[in-house]
$ cat target_14.cif   # mmCIF, C-alpha atoms
data_data
loop_
_atom_site.label_atom_id
_atom_site.label_comp_id
_atom_site.auth_asym_id
_atom_site.auth_seq_id
_atom_site.Cartn_x
_atom_site.Cartn_y
_atom_site.Cartn_z
CA MET A 173 0.00 0.00 0.00
CA ASN A 174 1.34 3.42 -0.98
CA VAL A 175 1.54 5.90 1.91
CA ILE A 176 1.92 9.62 1.27
CA GLN A 177 3.15 11.91 4.03
CA ILE A 178 2.75 15.69 4.23
CA LEU A 179 5.35 17.12 6.59
CA PRO A 180 5.31 20.79 7.64
CA ILE A 181 8.72 22.47 7.68
CA THR A 182 8.72 24.29 10.99
CA ASN A 183 10.98 26.88 12.59
CA LEU A 184 11.92 28.68 9.40
CA PRO A 185 13.05 32.24 10.15
CA ILE A 186 11.27 35.32 8.83
CA ILE A 187 12.57 35.40 5.28
CA LYS A 188 14.39 38.55 4.17
CA GLU A 189 15.57 39.69 0.77
CA ASN A 190 18.51 37.62 -0.58
CA ASP A 191 18.00 34.81 1.95
CA ASP A 192 18.87 31.35 0.60
CA ILE A 193 15.54 29.50 0.78
CA ALA A 194 17.04 26.15 -0.21
CA GLU A 195 19.63 26.27 2.56
CA LEU A 196 17.10 27.38 5.18
CA ILE A 197 14.68 24.59 4.21
CA CYS A 198 17.41 21.95 4.37
CA VAL A 199 18.60 23.16 7.78
CA ALA A 200 15.05 23.31 9.18
CA ALA A 201 14.16 19.87 7.81
CA GLU A 202 17.31 18.39 9.36
CA LYS A 203 16.65 20.09 12.69
CA GLN A 204 13.12 18.64 12.92
CA GLU A 205 14.51 15.18 12.06
CA THR A 206 12.86 14.94 8.66
CA PRO A 207 15.91 15.49 6.43
CA ILE A 208 15.34 15.86 2.70
CA ARG A 209 15.20 12.56 0.80
CA ASN A 210 15.45 11.67 -2.86
CA GLY A 211 12.04 11.96 -4.50
CA ASP A 212 10.60 14.41 -1.97
CA ILE A 213 8.37 17.19 -3.27
CA ILE A 214 9.02 20.54 -1.62
CA ILE A 215 6.10 22.98 -1.55
CA VAL A 216 7.01 26.63 -0.95
CA THR A 217 4.52 29.49 -0.71
CA HIS A 218 4.99 32.33 -3.16
CA VAL A 219 5.14 34.91 -0.36
CA LEU A 220 8.26 33.19 0.97
CA VAL A 221 9.84 33.31 -2.48
CA SER A 222 8.73 36.88 -3.14
CA ARG A 223 10.25 38.15 0.10
CA ALA A 224 13.57 36.41 -0.65
CA GLU A 225 13.61 37.81 -4.19
CA GLY A 226 12.68 41.33 -3.15
CA CYS A 227 9.30 41.23 -4.91
CA THR A 228 7.61 43.47 -2.35
CA VAL A 229 6.28 47.02 -2.53
CA ASP A 230 5.84 49.67 0.15
CA LEU A 231 2.48 51.22 -0.70
CA ASP A 232 3.62 54.57 0.71
CA THR A 233 6.05 54.82 -2.23
CA VAL A 234 3.32 54.29 -4.85
CA ARG A 235 1.70 57.18 -6.68
CA PRO A 236 -1.76 56.06 -7.84
CA SER A 237 -2.86 56.93 -11.37
CA ASN A 238 -6.18 58.67 -12.02
CA PHE A 239 -7.67 55.35 -13.11
CA ALA A 240 -6.47 53.63 -9.92
CA GLN A 241 -8.06 56.39 -7.84
CA THR A 242 -11.34 55.97 -9.72
CA VAL A 243 -11.34 52.21 -9.17
CA ALA A 244 -10.44 52.73 -5.52
CA ARG A 245 -13.41 55.05 -4.97
CA LYS A 246 -15.79 52.50 -6.46
CA SER A 247 -14.30 49.52 -4.62
CA GLY A 248 -13.49 51.18 -1.29
CA LYS A 249 -9.89 49.98 -1.53
CA ASP A 250 -6.54 51.69 -1.08
CA PRO A 251 -5.65 53.61 -4.29
CA ALA A 252 -1.98 52.66 -3.92
CA ALA A 253 -2.88 48.98 -3.65
CA ILE A 254 -5.08 49.26 -6.74
CA GLU A 255 -2.21 50.90 -8.61
CA VAL A 256 0.10 47.98 -7.78
CA VAL A 257 -2.56 45.52 -8.94
CA LEU A 258 -2.87 47.38 -12.25
CA ARG A 259 0.90 47.49 -12.76
CA GLU A 260 1.10 43.71 -12.35
CA ALA A 261 -1.83 43.09 -14.72
CA GLU A 262 -1.73 42.40 -18.43
CA SER A 263 -5.45 43.14 -18.59
CA ILE A 264 -8.56 43.39 -16.43
CA ILE A 265 -10.92 40.43 -16.79
CA ARG A 266 -13.69 41.46 -14.37
CA MET A 267 -14.31 44.41 -12.09
CA ARG A 268 -17.37 44.16 -9.87
CA ASN A 269 -18.07 45.76 -6.48
CA SER A 270 -14.82 45.32 -4.52
CA SER A 271 -13.48 42.49 -6.70
CA LEU A 272 -10.81 42.98 -9.34
CA ILE A 273 -9.96 39.91 -11.44
CA THR A 274 -6.96 40.32 -13.71
CA LEU A 275 -4.78 38.48 -16.17
CA THR A 276 -1.29 38.90 -14.75
CA LYS A 277 1.87 39.45 -16.73
CA HIS A 278 2.73 35.84 -15.85
CA GLY A 279 -0.41 34.50 -17.55
CA PHE A 280 -2.47 33.73 -14.44
CA ILE A 281 -6.09 34.80 -14.00
CA CYS A 282 -6.59 35.66 -10.34
CA ALA A 283 -7.86 38.23 -7.88
CA ASN A 284 -5.84 41.44 -7.52
CA SER A 285 -2.98 40.18 -9.74
CA GLY A 286 -1.92 37.84 -6.95
CA ILE A 287 -0.92 40.76 -4.68
CA ASP A 288 -0.74 39.50 -1.08
CA LYS A 289 -0.69 41.33 2.26
CA SER A 290 -0.76 38.31 4.58
CA ASN A 291 2.52 37.13 6.09
CA VAL A 292 4.42 40.18 4.82
CA PRO A 293 6.30 42.28 7.40
CA GLY A 294 5.40 45.96 7.37
CA GLU A 295 2.04 47.62 7.81
CA ARG A 296 2.02 49.04 4.27
CA THR A 297 4.06 46.39 2.45
CA VAL A 298 2.59 43.89 -0.01
CA ALA A 299 4.11 40.92 -1.83
CA LEU A 300 3.94 40.59 -5.60
CA LEU A 301 4.08 37.29 -7.40
CA PRO A 302 7.67 36.24 -8.20
CA GLN A 303 8.80 37.52 -11.59
CA ASP A 304 9.27 33.93 -12.82
CA SER A 305 8.00 31.28 -10.40
CA ASP A 306 9.28 28.39 -12.54
CA LYS A 307 12.76 29.88 -12.43
CA SER A 308 12.39 30.33 -8.66
CA ALA A 309 11.40 26.67 -8.28
CA ARG A 310 14.40 25.57 -10.35
CA ARG A 311 16.74 27.71 -8.25
CA ILE A 312 15.45 26.21 -4.99
CA ARG A 313 15.66 22.68 -6.45
CA GLN A 314 19.25 23.22 -7.54
CA GLY A 315 20.09 24.69 -4.14
CA ILE A 316 18.68 21.64 -2.32
CA LYS A 317 20.67 19.36 -4.62
CA LYS A 318 23.83 21.33 -3.80
CA GLN A 319 23.12 21.29 -0.05
CA THR A 320 22.08 17.65 0.33
CA GLY A 321 22.92 15.76 -2.85
CA LYS A 322 19.24 14.76 -3.04
CA THR A 323 17.08 15.08 -6.14
CA VAL A 324 13.67 16.57 -5.36
CA ALA A 325 10.81 18.34 -7.10
CA VAL A 326 9.80 21.86 -6.09
CA ILE A 327 6.43 23.60 -6.36
CA VAL A 328 5.85 27.30 -5.69
CA SER A 329 2.24 27.67 -4.54
CA ASP A 330 -0.32 30.44 -4.26
CA THR A 331 -3.88 30.64 -2.94
CA HIS A 332 -6.50 31.13 -5.66
CA GLY A 333 -10.28 31.20 -5.83
CA ARG A 334 -12.26 29.14 -8.35
CA PRO A 335 -15.20 29.94 -10.64
CA LEU A 336 -18.55 29.01 -9.09
CA ARG A 337 -16.92 27.55 -5.97
CA ASP A 338 -16.67 29.22 -2.58
CA GLY A 339 -13.40 29.06 -0.67
CA GLU A 340 -9.80 29.16 -1.89
CA ILE A 341 -7.27 26.42 -2.60
CA ASN A 342 -3.55 26.33 -3.20
CA ILE A 343 -2.37 25.94 -6.78
CA ALA A 344 1.05 25.63 -8.39
CA ILE A 345 2.41 28.78 -10.02
CA GLY A 346 5.93 27.39 -10.42
CA VAL A 347 7.27 23.86 -10.78
CA ALA A 348 10.63 22.19 -11.22
CA GLY A 349 11.50 18.52 -11.55
CA LEU A 350 8.06 17.02 -12.18
CA VAL A 351 5.42 16.87 -14.90
CA PRO A 352 2.55 19.03 -13.58
CA LEU A 353 -0.18 17.32 -15.63
CA ARG A 354 -0.91 13.60 -15.73
CA ASP A 355 -2.46 12.72 -19.07
CA ARG A 356 -4.72 9.72 -18.54
CA ARG A 357 -6.36 9.77 -21.95
CA GLY A 358 -6.30 6.30 -23.44
CA GLU A 359 -6.33 4.55 -20.05
CA LYS A 360 -9.25 2.27 -19.23
CA ASP A 361 -11.47 2.64 -16.18
CA LEU A 362 -12.76 -0.11 -13.90
CA PHE A 363 -15.34 -1.21 -16.48
CA GLY A 364 -13.14 -1.01 -19.55
CA TYR A 365 -14.24 2.44 -20.73
CA THR A 366 -11.41 4.29 -22.48
CA LEU A 367 -10.80 7.71 -20.94
CA LYS A 368 -10.95 10.50 -23.52
CA ILE A 369 -10.54 13.82 -21.68
CA LYS A 370 -9.00 12.94 -18.31
CA ARG A 371 -5.99 15.11 -17.46
CA THR A 372 -5.13 15.52 -13.78
CA ALA A 373 -3.46 18.70 -12.50
CA ILE A 374 -0.98 16.85 -10.28
CA ALA A 375 0.97 19.96 -9.28
CA ASP A 376 -2.19 21.78 -8.17
CA GLU A 377 -3.38 18.76 -6.17
CA LEU A 378 -0.01 18.50 -4.43
CA ALA A 379 -0.03 22.24 -3.65
CA SER A 380 -3.53 21.98 -2.16
CA ALA A 381 -2.59 18.90 -0.14
CA ALA A 382 0.36 20.78 1.34
CA GLU A 383 -1.91 23.62 2.45
CA LEU A 384 -3.39 21.25 5.02
CA VAL A 385 -0.19 21.74 7.04
CA ILE A 386 1.01 25.10 5.70
CA GLY A 387 -0.20 27.98 7.84
CA GLN A 388 -2.13 30.87 6.32
CA ALA A 389 -2.63 32.72 9.60
CA ASN A 390 -0.36 32.74 12.64
CA GLU A 391 1.10 29.27 12.20
CA ALA A 392 4.19 30.61 10.36
CA ILE A 393 4.69 27.43 8.32
CA PRO A 394 5.42 28.53 4.75
CA ALA A 395 6.77 25.25 3.34
CA ALA A 396 6.16 21.52 3.42
CA ILE A 397 7.55 18.19 2.25
CA ILE A 398 5.35 15.69 0.43
CA ARG A 399 6.93 12.26 0.73
CA GLY A 400 5.98 8.97 -0.85
CA TYR A 401 4.12 10.25 -3.91
CA SER A 402 5.30 8.74 -7.19
CA TYR A 403 5.52 11.36 -9.92
CA GLU A 404 6.84 11.62 -13.44
CA ARG A 405 10.12 13.47 -13.41
CA CYS A 406 11.01 16.11 -15.96
CA GLU A 407 13.69 18.77 -16.22
CA LYS A 408 11.83 21.05 -18.63
CA ALA A 409 8.20 21.10 -17.43
CA THR A 410 6.77 24.38 -16.10
CA ALA A 411 3.60 25.53 -14.36
CA LYS A 412 2.69 27.33 -17.58
CA ASP A 413 2.05 23.89 -19.07
CA MET A 414 -1.21 23.95 -17.09
CA LEU A 415 -2.48 27.27 -18.43
CA ARG A 416 -5.55 26.99 -20.65
CA PRO A 417 -5.61 29.31 -23.69
CA LEU A 418 -8.04 32.18 -23.19
CA ASP A 419 -10.03 31.26 -26.30
CA LYS A 420 -10.80 27.88 -24.69
CA GLU A 421 -11.69 29.21 -21.24
CA LEU A 422 -15.37 28.52 -20.56
CA PHE A 423 -15.77 30.95 -17.65
CA LEU A 424 -14.79 34.13 -19.46
#
$ encode --input "target_14.cif" --output "structure tokens"
Amino acid sequence: MNVIQILPITNLPIIKENDDIAELICVAAEKQETPIRNGDIIIVTHVLVSRAEGCTVDLDTVRPSNFAQTVARKSGKDPAAIEVVLREAESIIRMRNSSLITLTKHGFICANSGIDKSNVPGERTVALLPQDSDKSARRIRQGIKKQTGKTVAVIVSDTHGRPLRDGEINIAIGVAGLVPLRDRRGEKDLFGYTLKIKRTAIADELASAAELVIGQANEAIPAAIIRGYSYERCEKATAKDMLRPLDKELFL
């Protein structure tokens, strides 16, 4: 019987710009007596990565545009925060009441361009999405290999809402070392029916599973190890492999 473990990585310090996330994860995992093993999948929240990469903005330094001020008046939000959302957006998908759904420069459709205030030091500081989350995941993976000699997969995660579903889940916005989609088309089900459209978003499911131990509030657990899950390894796969073209998106 296959057993999958989800292990929180505890006692990580407050991450600052230029901190080595890979080294800190390896040290923390060793200290809690769950050292990194070959085949582990390391889930890291994007806020952790963004802080280390300096992808944060002090809202007091932002000068809102006229459009941002107009949106802010209608939504009741901070004009500076709206300005940052607009700067990170490729386009606006929906704007209703206090909600602003955008297509980010990275290709993600999400609320407020993925701008996050939670778990960011500073009363007026927000975290942006990493500039290239796949590159970030590769860098952490390479760092863990250098620190431990172990080959792992790395997923950078973020919390997203879903169309027609209440509540948020974690999804993968960056991957390294694993194929994020499992194509099951052509397989047969229990009764011999050949699957025709089944493609499983493995990386998203792993990111959501990790959120069961990763803390969103005061738990201060921004990373986790998933151990025992068998995945297809790949050096070139990216989280962008899971993006659906806009002309095929049913909810737009």
$ closest_residue --input "target_14.cif" --among "A:Ile287, A:Ala381, A:Ala409, A:Leu300" --to "Ala396 of chain A" --atoms "all atoms listed in the file"
A:Ala381
$ residues_near_point --input "target_14.cif" --point "(10.9, 31.1, 3.7)" --cutoff "7 Å" --atoms "all atoms listed in the file" --output "ChimeraX atom specification"
/A:184-187,193,220-221,394
$ closest_atom_pairs --input "target_14.cif" --of "segment 205-284 of chain A" --to "segment 324-341 of chain A" --cutoff "7 Å" --atoms "only C-alpha atoms" --output "Markdown table"
| residue | atom | partner | partner_atom | distance |
| --- | --- | --- | --- | --- |
| A:Asn210 | CA | A:Val324 | CA | 5.8 |
| A:Gly211 | CA | A:Val324 | CA | 5.0 |
| A:Asp212 | CA | A:Val324 | CA | 5.1 |
| A:Ile213 | CA | A:Ala325 | CA | 4.7 |
| A:Ile214 | CA | A:Val326 | CA | 4.7 |
| A:Ile215 | CA | A:Ile327 | CA | 4.9 |
| A:Val216 | CA | A:Val328 | CA | 4.9 |
| A:Thr217 | CA | A:Ser329 | CA | 4.8 |
| A:His218 | CA | A:Ser329 | CA | 5.6 |
| A:Cys282 | CA | A:His332 | CA | 6.5 |
$ resolve_selection --input "target_14.cif" --expression "the PyMOL selection byres ((chain A and resi 423) around 12)" --output "count of residues only"
14
$ atom_distance --input "target_14.cif" --atom1 "atom CA of Val292 of chain A" --atom2 "atom CA of Leu231 of chain A"
12.5 Å
$ atom_distance --input "target_14.cif" --atom1 "atom CA of Thr297 of chain A" --atom2 "atom CA of Gln241 of chain A"
18.8 Å
$ build_atoms --input "target_14.cif" --residues "segment 274-300 of chain A" --atoms "N, CA and C atoms" --output "short mmCIF file (atom, residue, chain, number, x, y, z; two decimals), in the coordinates of the input"
data_model
loop_
_atom_site.label_atom_id
_atom_site.label_comp_id
_atom_site.auth_asym_id
_atom_site.auth_seq_id
_atom_site.Cartn_x
_atom_site.Cartn_y
_atom_site.Cartn_z
N THR A 274 -7.86 39.90 -12.65
CA THR A 274 -6.96 40.32 -13.71
C THR A 274 -6.24 39.13 -14.34
N LEU A 275 -5.75 39.37 -15.54
CA LEU A 275 -4.78 38.48 -16.17
C LEU A 275 -3.42 39.07 -15.89
N THR A 276 -2.60 38.35 -15.14
CA THR A 276 -1.29 38.90 -14.75
C THR A 276 -0.30 38.80 -15.90
N LYS A 277 0.80 39.49 -15.74
CA LYS A 277 1.87 39.45 -16.73
C LYS A 277 2.46 38.04 -16.86
N HIS A 278 2.21 37.21 -15.84
CA HIS A 278 2.73 35.84 -15.85
C HIS A 278 1.80 34.88 -16.59
N GLY A 279 0.55 35.34 -16.87
CA GLY A 279 -0.41 34.50 -17.55
C GLY A 279 -1.47 33.89 -16.66
N PHE A 280 -1.48 34.27 -15.37
CA PHE A 280 -2.47 33.73 -14.44
C PHE A 280 -3.69 34.64 -14.36
N ILE A 281 -4.87 34.05 -14.27
CA ILE A 281 -6.09 34.80 -14.00
C ILE A 281 -6.41 34.64 -12.52
N CYS A 282 -6.41 35.74 -11.79
CA CYS A 282 -6.59 35.66 -10.34
C CYS A 282 -7.06 37.00 -9.79
N ALA A 283 -7.44 37.01 -8.54
CA ALA A 283 -7.86 38.23 -7.88
C ALA A 283 -6.67 39.13 -7.59
N ASN A 284 -6.82 40.41 -7.91
CA ASN A 284 -5.84 41.44 -7.52
C ASN A 284 -4.42 41.14 -7.99
N SER A 285 -4.30 40.49 -9.15
CA SER A 285 -2.98 40.18 -9.74
C SER A 285 -2.08 39.37 -8.81
N GLY A 286 -2.70 38.67 -7.87
CA GLY A 286 -1.92 37.84 -6.95
C GLY A 286 -1.23 38.63 -5.85
N ILE A 287 -1.53 39.93 -5.73
CA ILE A 287 -0.92 40.76 -4.68
C ILE A 287 -1.37 40.25 -3.32
N ASP A 288 -0.43 40.11 -2.38
CA ASP A 288 -0.74 39.50 -1.08
C ASP A 288 -0.24 40.38 0.05
N LYS A 289 -1.09 40.58 1.05
CA LYS A 289 -0.69 41.33 2.26
C LYS A 289 -0.37 40.40 3.42
N SER A 290 -0.96 39.21 3.44
CA SER A 290 -0.76 38.31 4.58
C SER A 290 0.67 37.79 4.62
N ASN A 291 1.19 37.67 5.84
CA ASN A 291 2.52 37.13 6.09
C ASN A 291 3.63 37.95 5.42
N VAL A 292 3.40 39.27 5.34
CA VAL A 292 4.42 40.18 4.82
C VAL A 292 4.72 41.21 5.89
N PRO A 293 5.97 41.29 6.37
CA PRO A 293 6.30 42.28 7.40
C PRO A 293 6.10 43.71 6.89
N GLY A 294 5.60 44.57 7.75
CA GLY A 294 5.40 45.96 7.37
C GLY A 294 3.94 46.26 7.16
N GLU A 295 3.46 47.29 7.84
CA GLU A 295 2.04 47.62 7.81
C GLU A 295 1.56 47.97 6.42
N ARG A 296 2.43 48.57 5.60
CA ARG A 296 2.02 49.04 4.27
C ARG A 296 2.79 48.33 3.16
N THR A 297 3.29 47.14 3.44
CA THR A 297 4.06 46.39 2.45
C THR A 297 3.25 45.22 1.92
N VAL A 298 3.29 45.02 0.61
CA VAL A 298 2.59 43.89 -0.01
C VAL A 298 3.59 43.08 -0.82
N ALA A 299 3.27 41.79 -1.03
CA ALA A 299 4.11 40.92 -1.83
C ALA A 299 3.50 40.76 -3.21
N LEU A 300 4.34 40.89 -4.23
CA LEU A 300 3.94 40.59 -5.60
C LEU A 300 4.19 39.11 -5.86
#
